[in-house]
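K.L.:
coords.pdb (PDB, C-alpha atoms) pasted underneath:
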ATOM      1  CA  MET A   2      21.876  41.855 182.732  1.00  0.00           C
ATOM      2  CA  THR A   3      20.498  43.154 179.431  1.00  0.00           C
ATOM      3  CA  VAL A   4      21.667  46.541 178.139  1.00  0.00           C
ATOM      4  CA  LYS A   5      18.805  48.216 176.258  1.00  0.00           C
ATOM      5  CA  ILE A   6      19.412  50.950 173.678  1.00  0.00           C
ATOM      6  CA  ALA A   7      16.679  52.895 171.874  1.00  0.00           C
ATOM      7  CA  VAL A   8      17.353  54.848 168.686  1.00  0.00           C
ATOM      8  CA  THR A   9      14.604  57.392 168.040  1.00  0.00           C
ATOM      9  CA  GLY A  10      13.948  60.236 165.630  1.00  0.00           C
ATOM     10  CA  LYS A  11      12.047  61.329 162.573  1.00  0.00           C
ATOM     11  CA  SER A  12      11.877  58.927 159.644  1.00  0.00           C
ATOM     12  CA  GLY A  13      14.800  59.626 157.316  1.00  0.00           C
ATOM     13  CA  SER A  14      17.009  61.094 160.043  1.00  0.00           C
ATOM     14  CA  GLY A  15      19.402  58.139 159.897  1.00  0.00           C
ATOM     15  CA  LYS A  16      18.139  55.893 162.714  1.00  0.00           C
ATOM     16  CA  THR A  17      18.780  52.654 160.846  1.00  0.00           C
ATOM     17  CA  THR A  18      22.316  53.714 159.877  1.00  0.00           C
ATOM     18  CA  LEU A  19      23.096  54.631 163.493  1.00  0.00           C
ATOM     19  CA  THR A  20      21.585  51.349 164.706  1.00  0.00           C
ATOM     20  CA  LYS A  21      23.852  49.398 162.375  1.00  0.00           C
ATOM     21  CA  ALA A  22      26.880  51.429 163.444  1.00  0.00           C
ATOM     22  CA  LEU A  23      26.149  50.599 167.094  1.00  0.00           C
ATOM     23  CA  LEU A  24      25.738  46.957 166.156  1.00  0.00           C
ATOM     24  CA  ASN A  25      29.119  46.947 164.393  1.00  0.00           C
ATOM     25  CA  ILE A  26      30.827  48.449 167.436  1.00  0.00           C
ATOM     26  CA  LEU A  27      29.203  46.079 169.925  1.00  0.00           C
ATOM     27  CA  ARG A  28      29.949  43.105 167.693  1.00  0.00           C
ATOM     28  CA  GLU A  29      33.596  44.163 167.411  1.00  0.00           C
ATOM     29  CA  ASN A  30      34.111  44.835 171.119  1.00  0.00           C
ATOM     30  CA  PHE A  31      31.932  42.099 172.582  1.00  0.00           C
ATOM     31  CA  PRO A  32      32.012  39.210 170.075  1.00  0.00           C
ATOM     32  CA  GLU A  33      30.928  36.700 172.716  1.00  0.00           C
ATOM     33  CA  LYS A  34      27.744  38.614 173.608  1.00  0.00           C
ATOM     34  CA  ASN A  35      24.390  38.012 171.947  1.00  0.00           C
ATOM     35  CA  ILE A  36      22.466  40.916 170.447  1.00  0.00           C
ATOM     36  CA  LEU A  37      18.805  41.371 169.528  1.00  0.00           C
ATOM     37  CA  LEU A  38      17.804  43.986 166.974  1.00  0.00           C
ATOM     38  CA  PHE A  39      14.217  45.042 167.630  1.00  0.00           C
ATOM     39  CA  ASP A  40      12.687  46.764 164.595  1.00  0.00           C
ATOM     40  CA  ASN A  41       9.907  48.944 166.021  1.00  0.00           C
ATOM     41  CA  ASP A  42       9.787  51.267 162.998  1.00  0.00           C
ATOM     42  CA  LEU A  43       6.791  50.881 160.689  1.00  0.00           C
ATOM     43  CA  SER A  44       9.016  51.226 157.613  1.00  0.00           C
ATOM     44  CA  GLY A  45      10.774  47.908 158.343  1.00  0.00           C
ATOM     45  CA  GLU A  46      14.031  49.297 156.936  1.00  0.00           C
ATOM     46  CA  LEU A  47      16.238  47.572 159.488  1.00  0.00           C
ATOM     47  CA  GLY A  48      15.425  44.107 158.172  1.00  0.00           C
ATOM     48  CA  HIS A  49      15.790  45.279 154.574  1.00  0.00           C
ATOM     49  CA  SER A  50      19.258  46.657 155.374  1.00  0.00           C
ATOM     50  CA  PHE A  51      20.375  43.057 156.000  1.00  0.00           C
ATOM     51  CA  GLY A  52      18.718  41.841 152.823  1.00  0.00           C
ATOM     52  CA  LYS A  53      15.835  40.322 154.802  1.00  0.00           C
ATOM     53  CA  ASP A  54      12.222  40.728 153.716  1.00  0.00           C
ATOM     54  CA  ILE A  55      10.671  39.904 157.085  1.00  0.00           C
ATOM     55  CA  ARG A  56       6.936  39.340 156.778  1.00  0.00           C
ATOM     56  CA  ASN A  57       6.285  37.585 160.103  1.00  0.00           C
ATOM     57  CA  THR A  58       5.853  40.188 162.832  1.00  0.00           C
ATOM     58  CA  ILE A  59       4.706  40.609 166.415  1.00  0.00           C
ATOM     59  CA  TYR A  60       1.588  42.245 165.039  1.00  0.00           C
ATOM     60  CA  GLY A  61       0.933  39.094 163.034  1.00  0.00           C
ATOM     61  CA  ILE A  62       0.849  37.117 166.292  1.00  0.00           C
ATOM     62  CA  ARG A  63      -1.447  39.656 167.927  1.00  0.00           C
ATOM     63  CA  SER A  64      -3.848  39.749 164.974  1.00  0.00           C
ATOM     64  CA  GLY A  65      -3.823  35.998 164.368  1.00  0.00           C
ATOM     65  CA  LYS A  66      -2.470  36.469 160.831  1.00  0.00           C
ATOM     66  CA  HIS A  67       0.975  34.969 161.372  1.00  0.00           C
ATOM     67  CA  GLU A  68       1.954  32.074 159.097  1.00  0.00           C
ATOM     68  CA  TYR A  69       3.998  29.659 161.170  1.00  0.00           C
ATOM     69  CA  LYS A  70       7.049  27.807 159.932  1.00  0.00           C
ATOM     70  CA  THR A  71       5.921  24.616 161.654  1.00  0.00           C
ATOM     71  CA  GLY A  72       2.699  23.174 163.022  1.00  0.00           C
ATOM     72  CA  ILE A  73       1.422  24.667 166.266  1.00  0.00           C
ATOM     73  CA  PRO A  74       2.284  22.423 169.243  1.00  0.00           C
ATOM     74  CA  GLN A  75      -0.684  21.021 171.123  1.00  0.00           C
ATOM     75  CA  HIS A  76      -1.837  21.572 174.710  1.00  0.00           C
ATOM     76  CA  MET A  77      -0.167  24.941 175.309  1.00  0.00           C
ATOM     77  CA  THR A  78      -1.531  27.724 177.485  1.00  0.00           C
ATOM     78  CA  LYS A  79      -2.111  31.065 175.740  1.00  0.00           C
ATOM     79  CA  GLN A  80       1.039  32.481 177.374  1.00  0.00           C
ATOM     80  CA  GLU A  81       3.109  29.488 176.256  1.00  0.00           C
ATOM     81  CA  TYR A  82       1.694  29.841 172.750  1.00  0.00           C
ATOM     82  CA  ILE A  83       2.719  33.517 172.520  1.00  0.00           C
ATOM     83  CA  GLU A  84       6.233  32.745 173.766  1.00  0.00           C
ATOM     84  CA  TRP A  85       6.505  29.923 171.225  1.00  0.00           C
ATOM     85  CA  ALA A  86       5.171  32.166 168.448  1.00  0.00           C
ATOM     86  CA  LEU A  87       7.772  34.858 169.203  1.00  0.00           C
ATOM     87  CA  GLU A  88      10.505  32.245 168.833  1.00  0.00           C
ATOM     88  CA  ASP A  89       9.008  31.368 165.449  1.00  0.00           C
ATOM     89  CA  ILE A  90       9.397  34.912 164.068  1.00  0.00           C
ATOM     90  CA  ILE A  91      12.945  35.623 165.238  1.00  0.00           C
ATOM     91  CA  VAL A  92      15.323  35.818 162.271  1.00  0.00           C
ATOM     92  CA  SER A  93      19.027  35.052 162.672  1.00  0.00           C
ATOM     93  CA  ILE A  94      21.336  37.593 161.037  1.00  0.00           C
ATOM     94  CA  GLU A  95      24.538  35.813 161.976  1.00  0.00           C
ATOM     95  CA  GLU A  96      25.956  33.984 164.974  1.00  0.00           C
ATOM     96  CA  ASN A  97      24.846  35.743 168.191  1.00  0.00           C
ATOM     97  CA  ILE A  98      22.782  38.361 166.309  1.00  0.00           C
ATOM     98  CA  ASP A  99      19.019  38.111 165.812  1.00  0.00           C
ATOM     99  CA  ILE A 100      16.278  40.448 164.612  1.00  0.00           C
ATOM    100  CA  ILE A 101      12.576  40.641 165.404  1.00  0.00           C
ATOM    101  CA  VAL A 102      10.058  42.990 163.767  1.00  0.00           C
ATOM    102  CA  SER A 103       7.043  44.466 165.553  1.00  0.00           C
ATOM    103  CA  TRP A 104       5.181  46.515 162.893  1.00  0.00           C
ATOM    104  CA  LEU A 105       1.870  47.785 164.353  1.00  0.00           C
ATOM    105  CA  SER A 106       1.487  47.950 168.137  1.00  0.00           C
ATOM    106  CA  GLY A 107      -1.602  47.694 170.284  1.00  0.00           C
ATOM    107  CA  VAL A 108      -2.909  50.597 172.309  1.00  0.00           C
ATOM    108  CA  LYS A 109      -1.338  50.836 175.762  1.00  0.00           C
ATOM    109  CA  ASP A 110      -4.717  51.293 177.470  1.00  0.00           C
ATOM    110  CA  CYS A 111      -6.171  48.232 175.737  1.00  0.00           C
ATOM    111  CA  ARG A 112      -7.445  45.762 178.327  1.00  0.00           C
ATOM    112  CA  CYS A 113      -7.201  42.830 175.930  1.00  0.00           C
ATOM    113  CA  PRO A 114      -5.442  39.904 177.641  1.00  0.00           C
ATOM    114  CA  ILE A 115      -3.049  39.548 174.688  1.00  0.00           C
ATOM    115  CA  THR A 116      -1.618  43.030 175.372  1.00  0.00           C
ATOM    116  CA  GLU A 117      -0.366  41.939 178.782  1.00  0.00           C
ATOM    117  CA  GLN A 118       0.615  38.491 177.557  1.00  0.00           C
ATOM    118  CA  LEU A 119       2.710  39.926 174.716  1.00  0.00           C
ATOM    119  CA  ASN A 120       4.327  42.384 177.104  1.00  0.00           C
ATOM    120  CA  ASP A 121       5.300  39.594 179.503  1.00  0.00           C
ATOM    121  CA  ALA A 122       6.561  37.342 176.704  1.00  0.00           C
ATOM    122  CA  LEU A 123       8.612  40.128 175.113  1.00  0.00           C
ATOM    123  CA  GLN A 124      10.185  41.095 178.424  1.00  0.00           C
ATOM    124  CA  LYS A 125      11.172  37.469 178.930  1.00  0.00           C
ATOM    125  CA  LEU A 126      12.631  37.330 175.402  1.00  0.00           C
ATOM    126  CA  ILE A 127      14.573  40.585 175.801  1.00  0.00           C
ATOM    127  CA  GLU A 128      16.198  39.436 179.029  1.00  0.00           C
ATOM    128  CA  ARG A 129      17.797  36.503 177.188  1.00  0.00           C
ATOM    129  CA  TYR A 130      20.108  38.851 175.288  1.00  0.00           C
ATOM    130  CA  ASP A 131      23.150  40.818 176.454  1.00  0.00           C
ATOM    131  CA  PHE A 132      22.264  43.812 174.257  1.00  0.00           C
ATOM    132  CA  VAL A 133      19.001  44.884 172.650  1.00  0.00           C
ATOM    133  CA  ILE A 134      18.888  47.766 170.160  1.00  0.00           C
ATOM    134  CA  PHE A 135      15.431  49.175 169.441  1.00  0.00           C
ATOM    135  CA  ASP A 136      15.047  50.998 166.113  1.00  0.00           C
ATOM    136  CA  CYS A 137      12.022  53.065 167.146  1.00  0.00           C
ATOM    137  CA  GLU A 138       9.077  54.708 165.422  1.00  0.00           C
ATOM    138  CA  PHE A 139       9.645  58.415 166.235  1.00  0.00           C
ATOM    139  CA  ASP A 140       9.733  58.247 170.059  1.00  0.00           C
ATOM    140  CA  LEU A 141       9.570  55.777 172.954  1.00  0.00           C
ATOM    141  CA  LYS A 142       5.786  55.915 173.376  1.00  0.00           C
ATOM    142  CA  TYR A 143       5.158  53.598 170.439  1.00  0.00           C
ATOM    143  CA  LEU A 144       7.671  51.065 171.792  1.00  0.00           C
ATOM    144  CA  ILE A 145       6.324  51.120 175.351  1.00  0.00           C
ATOM    145  CA  GLN A 146       2.829  50.457 174.007  1.00  0.00           C
ATOM    146  CA  LEU A 147       4.213  47.085 173.020  1.00  0.00           C
ATOM    147  CA  VAL A 148       6.665  46.211 175.780  1.00  0.00           C
ATOM    148  CA  ASP A 149       6.991  48.152 179.018  1.00  0.00           C
ATOM    149  CA  THR A 150      10.739  47.917 179.582  1.00  0.00           C
ATOM    150  CA  ASN A 151      13.388  50.199 181.068  1.00  0.00           C
ATOM    151  CA  ILE A 152      15.755  51.809 178.566  1.00  0.00           C
ATOM    152  CA  ASP A 153      19.403  52.360 179.519  1.00  0.00           C
ATOM    153  CA  LEU A 154      20.255  54.687 176.628  1.00  0.00           C
ATOM    154  CA  THR A 155      17.993  56.677 174.306  1.00  0.00           C
ATOM    155  CA  LEU A 156      19.598  58.328 171.289  1.00  0.00           C
ATOM    156  CA  ILE A 157      17.551  60.971 169.469  1.00  0.00           C
ATOM    157  CA  VAL A 158      18.836  61.255 165.908  1.00  0.00           C
ATOM    158  CA  ALA A 159      18.531  64.790 164.537  1.00  0.00           C
ATOM    159  CA  ASN A 160      19.822  66.678 161.536  1.00  0.00           C
ATOM    160  CA  PRO A 161      21.893  69.880 161.946  1.00  0.00           C
ATOM    161  CA  THR A 162      18.990  72.322 161.638  1.00  0.00           C
ATOM    162  CA  ILE A 163      16.928  74.390 164.064  1.00  0.00           C
ATOM    163  CA  GLU A 164      13.778  72.650 162.827  1.00  0.00           C
ATOM    164  CA  SER A 165      15.256  69.219 163.562  1.00  0.00           C
ATOM    165  CA  ILE A 166      16.378  70.244 167.060  1.00  0.00           C
ATOM    166  CA  ASN A 167      12.880  71.540 167.804  1.00  0.00           C
ATOM    167  CA  LEU A 168      11.538  68.158 166.710  1.00  0.00           C
ATOM    168  CA  ALA A 169      14.133  66.440 168.921  1.00  0.00           C
ATOM    169  CA  LYS A 170      12.827  68.525 171.814  1.00  0.00           C
ATOM    170  CA  ARG A 171       9.337  67.142 171.197  1.00  0.00           C
ATOM    171  CA  ILE A 172      10.698  63.593 171.062  1.00  0.00           C
ATOM    172  CA  ASP A 173      12.550  64.233 174.319  1.00  0.00           C
ATOM    173  CA  GLU A 174       9.361  65.494 175.971  1.00  0.00           C
ATOM    174  CA  TYR A 175       7.309  62.538 174.737  1.00  0.00           C
ATOM    175  CA  SER A 176       9.956  59.988 175.716  1.00  0.00           C
ATOM    176  CA  ALA A 177      11.292  61.300 179.040  1.00  0.00           C
ATOM    177  CA  LYS A 178       8.762  59.539 181.254  1.00  0.00           C
ATOM    178  CA  TYR A 179       9.578  56.212 179.598  1.00  0.00           C
ATOM    179  CA  ALA A 180      13.338  56.561 180.068  1.00  0.00           C
ATOM    180  CA  VAL A 181      13.527  57.521 183.741  1.00  0.00           C
ATOM    181  CA  GLY A 182      16.956  56.638 185.108  1.00  0.00           C
ATOM    182  CA  GLY A 183      18.481  56.113 181.682  1.00  0.00           C
ATOM    183  CA  GLN A 184      20.653  58.405 179.585  1.00  0.00           C
ATOM    184  CA  MET A 185      19.006  60.423 176.822  1.00  0.00           C
ATOM    185  CA  GLY A 186      20.781  62.652 174.345  1.00  0.00           C
ATOM    186  CA  ILE A 187      20.895  63.917 170.789  1.00  0.00           C
ATOM    187  CA  VAL A 188      23.182  62.665 168.038  1.00  0.00           C
ATOM    188  CA  ILE A 189      23.490  65.140 165.180  1.00  0.00           C
ATOM    189  CA  ASN A 190      23.542  63.211 161.904  1.00  0.00           C
ATOM    190  CA  LYS A 191      24.428  64.278 158.345  1.00  0.00           C
ATOM    191  CA  ALA A 192      26.605  67.141 159.589  1.00  0.00           C
ATOM    192  CA  LEU A 193      28.439  69.115 156.934  1.00  0.00           C
ATOM    193  CA  ASN A 194      30.962  71.861 157.628  1.00  0.00           C
ATOM    194  CA  GLN A 195      28.282  74.392 158.521  1.00  0.00           C
ATOM    195  CA  ASP A 196      28.287  76.528 161.654  1.00  0.00           C
ATOM    196  CA  MET A 197      26.160  74.699 164.223  1.00  0.00           C
ATOM    197  CA  THR A 198      26.405  77.332 166.986  1.00  0.00           C
ATOM    198  CA  ASP A 199      22.659  78.026 166.910  1.00  0.00           C
ATOM    199  CA  VAL A 200      21.878  74.304 166.929  1.00  0.00           C
ATOM    200  CA  TYR A 201      23.985  73.683 170.038  1.00  0.00           C
ATOM    201  CA  LYS A 202      22.623  76.837 171.696  1.00  0.00           C
ATOM    202  CA  LEU A 203      19.002  75.749 171.183  1.00  0.00           C
ATOM    203  CA  ALA A 204      19.734  72.269 172.512  1.00  0.00           C
ATOM    204  CA  LYS A 205      21.360  73.742 175.626  1.00  0.00           C
ATOM    205  CA  GLU A 206      18.443  76.133 176.183  1.00  0.00           C
ATOM    206  CA  SER A 207      16.118  73.136 175.951  1.00  0.00           C
ATOM    207  CA  ASP A 208      18.197  71.190 178.517  1.00  0.00           C
ATOM    208  CA  MET A 209      19.101  68.555 175.949  1.00  0.00           C
ATOM    209  CA  GLU A 210      22.579  67.082 175.670  1.00  0.00           C
ATOM    210  CA  ILE A 211      24.225  66.737 172.270  1.00  0.00           C
ATOM    211  CA  LEU A 212      26.377  63.636 172.578  1.00  0.00           C
ATOM    212  CA  GLY A 213      28.173  64.087 169.270  1.00  0.00           C
ATOM    213  CA  ALA A 214      27.935  64.780 165.550  1.00  0.00           C
ATOM    214  CA  ILE A 215      28.189  62.367 162.633  1.00  0.00           C
ATOM    215  CA  PRO A 216      29.512  63.600 159.268  1.00  0.00           C
ATOM    216  CA  TYR A 217      27.435  63.453 156.111  1.00  0.00           C
ATOM    217  CA  ASP A 218      28.186  60.351 154.028  1.00  0.00           C
ATOM    218  CA  GLU A 219      27.612  60.913 150.310  1.00  0.00           C
ATOM    219  CA  ASN A 220      27.428  57.166 149.663  1.00  0.00           C
ATOM    220  CA  LEU A 221      24.320  56.900 151.836  1.00  0.00           C
ATOM    221  CA  ALA A 222      22.755  59.774 149.910  1.00  0.00           C
ATOM    222  CA  LYS A 223      23.012  57.639 146.761  1.00  0.00           C
ATOM    223  CA  GLY A 224      20.449  55.238 148.202  1.00  0.00           C
ATOM    224  CA  SER A 225      22.497  52.527 149.917  1.00  0.00           C
ATOM    225  CA  VAL A 226      20.044  49.778 150.845  1.00  0.00           C
ATOM    226  CA  THR A 227      22.384  48.255 153.438  1.00  0.00           C
ATOM    227  CA  ARG A 228      22.646  51.521 155.410  1.00  0.00           C
ATOM    228  CA  ASP A 229      26.268  50.580 156.202  1.00  0.00           C
ATOM    229  CA  SER A 230      28.729  53.436 156.527  1.00  0.00           C
ATOM    230  CA  ASP A 231      32.352  53.338 157.667  1.00  0.00           C
ATOM    231  CA  ILE A 232      32.145  57.105 158.199  1.00  0.00           C
ATOM    232  CA  VAL A 233      29.189  56.777 160.564  1.00  0.00           C
ATOM    233  CA  THR A 234      30.683  53.806 162.407  1.00  0.00           C
ATOM    234  CA  GLU A 235      33.967  55.656 162.979  1.00  0.00           C
ATOM    235  CA  ALA A 236      32.110  58.752 164.220  1.00  0.00           C
ATOM    236  CA  VAL A 237      30.060  56.662 166.665  1.00  0.00           C
ATOM    237  CA  LYS A 238      33.272  55.058 167.922  1.00  0.00           C
ATOM    238  CA  GLN A 239      34.561  58.552 168.736  1.00  0.00           C
ATOM    239  CA  LEU A 240      31.498  59.403 170.851  1.00  0.00           C
ATOM    240  CA  TYR A 241      31.006  55.926 172.340  1.00  0.00           C
ATOM    241  CA  PHE A 242      32.813  56.848 175.568  1.00  0.00           C
ATOM    242  CA  ARG A 243      30.048  59.362 176.308  1.00  0.00           C
ATOM    243  CA  LEU A 244      27.337  56.720 176.134  1.00  0.00           C
ATOM    244  CA  ASN A 245      25.863  54.797 179.021  1.00  0.00           C
ATOM    245  CA  LEU A 246      27.203  51.521 177.646  1.00  0.00           C
ATOM    246  CA  PRO A 247      29.860  48.999 178.698  1.00  0.00           C
ATOM    247  CA  GLN A 248      33.268  50.462 177.900  1.00  0.00           C
ATOM    248  CA  GLU A 249      35.364  47.305 178.099  1.00  0.00           C
ATOM    249  CA  ASN A 250      37.636  46.770 175.068  1.00  0.00           C
ATOM    250  CA  CYS A 251      36.636  50.160 173.615  1.00  0.00           C
TER     251      CYS A 251
END
Represent the structure of the file as structure tokens.
P.N.:
Amino acid sequence: MTVKIAVTGKSGSGKTTLTKALLNILRENFPEKNILLFDNDLSGELGHSFGKDIRNTIYGIRSGKHEYKTGIPQHMTKQEYIEWALEDIIVSIEENIDIIVSWLSGVKDCRCPITEQLNDALQKLIERYDFVIFDCEFDLKYLIQLVDTNIDLTLIVANPTIESINLAKRIDEYSAKYAVGGQMGIVINKALNQDMTDVYKLAKESDMEILGAIPYDENLAKGSVTRDSDIVTEAVKQLYFRLNLPQENC
């Protein structure tokens, strides 16, 4: 059964860094499991953080602009073609770890046959993996426009400010109906030694759970392209037990 994790938040909040920290932990604790990274953020930073300039996207398939690596097989149905095309754009990061990039999504209410066909093909693809981590564009709405799938864990990445918590509240409100039955909570990122009493108070008043805080990493502030951080990974390890994820070997 696939475990699906969504990382949401404002651009620049640290979603990609948190996504990579989660990947490191899952890779360390479950080396035999296969993982799909699903870049649903328009910035495409997740692929760049692995040194990959990924130009072939799900949107390219939808729009008919995808450049295929091989010739298109003959005598396929439209559904078979879409499933084959998705295989063509998956990029291997390392053994058992793949990445796929969505870029633009269609409108959920669109009655175009390809909307439903892509949804069905993506659900089939997702279910092949043990873990899928979605690096989302702001909230879950944009992701669900593309693939209507249940999310086991939604992490809202916020900075340690009142303004950021208010934004997290909006993300929570927009995303709640798409994450019914799953766990949703805030991860405070880039925390310094400031007093966060008001931040925690506002989150509690808004019925939002703060799952943990991640310290500020100066190295990331210097513009690290890889978005790798031992500080962030260690902090996520400390809060992992609070997450709705397999706990074996942790």
K.L.:
Quote the spacing between CA of Glu33 (chain A) and CA of Ser103 (chain A) in Å to one decimal place.
P.N.:
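Taking CA of Glu33 (chain A) as the start and CA of Ser103 (chain A) as the end point, the length is 26.1 Å.
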K.L.:
Which residues, written as a list in words, have at least one atom at most 12 Å from Asp54 (chain A), with all atoms listed in the file counted and residues fewer than 3 positions away on the same chain left out?
P.N.:
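The neighbour list is Ser44, Gly45, Glu46, Leu47, Gly48, His49, Ser50, Phe51, Asn57, Thr58, Val92, Ile100, Ile101 and Val102 of chain A.
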K.L.:
Hey, can you spit out that residue selection with C-alpha atoms as a JSON list (two decimals), keeping the file's coordinate frame?
P.N.:
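Result file is again.json:
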[["chain", "number", "residue", "atom", "x", "y", "z"],
["A", 44, "SER", "CA", 9.02, 51.23, 157.61],
["A", 45, "GLY", "CA", 10.77, 47.91, 158.34],
["A", 46, "GLU", "CA", 14.03, 49.30, 156.94],
["A", 47, "LEU", "CA", 16.24, 47.57, 159.49],
["A", 48, "GLY", "CA", 15.42, 44.11, 158.17],
["A", 49, "HIS", "CA", 15.79, 45.28, 154.57],
["A", 50, "SER", "CA", 19.26, 46.66, 155.37],
["A", 51, "PHE", "CA", 20.38, 43.06, 156.00],
["A", 57, "ASN", "CA", 6.28, 37.58, 160.10],
["A", 58, "THR", "CA", 5.85, 40.19, 162.83],
["A", 92, "VAL", "CA", 15.32, 35.82, 162.27],
["A", 100, "ILE", "CA", 16.28, 40.45, 164.61],
["A", 101, "ILE", "CA", 12.58, 40.64, 165.40],
["A", 102, "VAL", "CA", 10.06, 42.99, 163.77]]
K.L.:
From the options A:Met209, A:Ala204, A:Ala7, A:Ala222, which residue's atoms come nearest to Asp42 (chain A), counting all atoms listed in the file?
P.N.:
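Nearest candidate to Asp42 (chain A) out of A:Met209, A:Ala204, A:Ala7, A:Ala222: A:Ala7.
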K.L.:
Leaving out region 225-236 of chain A and any residue of its chain fewer than 2 positions from it, which residues lie within 7 Å of it when counting only C-alpha atoms, given as a list of chain:residue names?
P.N.:
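In the requested format, the answer is A:Thr17, A:Thr18, A:Lys21, A:Ala22, A:Ser50, A:Phe51, A:Ile215, A:Pro216, A:Asp218, A:Asn220, A:Leu221, A:Lys223, A:Lys238, A:Gln239, A:Leu240.
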K.L.:
May I ask which of the residues A:Ser165, A:Gln184, A:Ser207, A:Asn194 is the closest one to Asn245 (chain A), counting all atoms listed in the file?
P.N.:
A:Gln184
K.L.:
Could you tell me how far CA of Thr20 (chain A) sits from CA of Tyr69 (chain A), in Å to one decimal place?
P.N.:
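CA of Tyr69 (chain A) sits 28.1 Å away from CA of Thr20 (chain A).
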K.L.:
Applied to this file, what does the PyMOL selection byres ((chain A and resi 39) around 7) return in terms of residues, put as a PyMOL selection string?
P.N.:
chain A and resi 37-38+40-41+100-102+133-136
K.L.:
Selected by the PyMOL selection byres ((chain A and resi 168-181) around 10) in the shown coordinates: which residues, as a count of residues only?
P.N.:
41
K.L.:
Report as a short mmCIF file (atom, residue, chain, number, x, y, z; two decimals) with C-alpha atoms, in the frame of the given file all protein, DNA and RNA residues lying within 12 Å of Thr71 (chain A), evaluated on only C-alpha atoms, omitting residues in the same chain fewer than 5 positions from it.
P.N.:
data_model
loop_
_atom_site.label_atom_id
_atom_site.label_comp_id
_atom_site.auth_asym_id
_atom_site.auth_seq_id
_atom_site.Cartn_x
_atom_site.Cartn_y
_atom_site.Cartn_z
CA TRP A 85 6.50 29.92 171.22
CA ALA A 86 5.17 32.17 168.45
CA GLU A 88 10.50 32.24 168.83
CA ASP A 89 9.01 31.37 165.45
CA ILE A 90 9.40 34.91 164.07
#
K.L.:
In terms of the shortest atom-to-atom distance over only C-alpha atoms, which of A:Leu244, A:Ile83, A:Met197, A:Leu19 is closest to Glu117 (chain A)?
P.N.:
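Looking at the shortest contact to Glu117 (chain A), the residue is A:Ile83.
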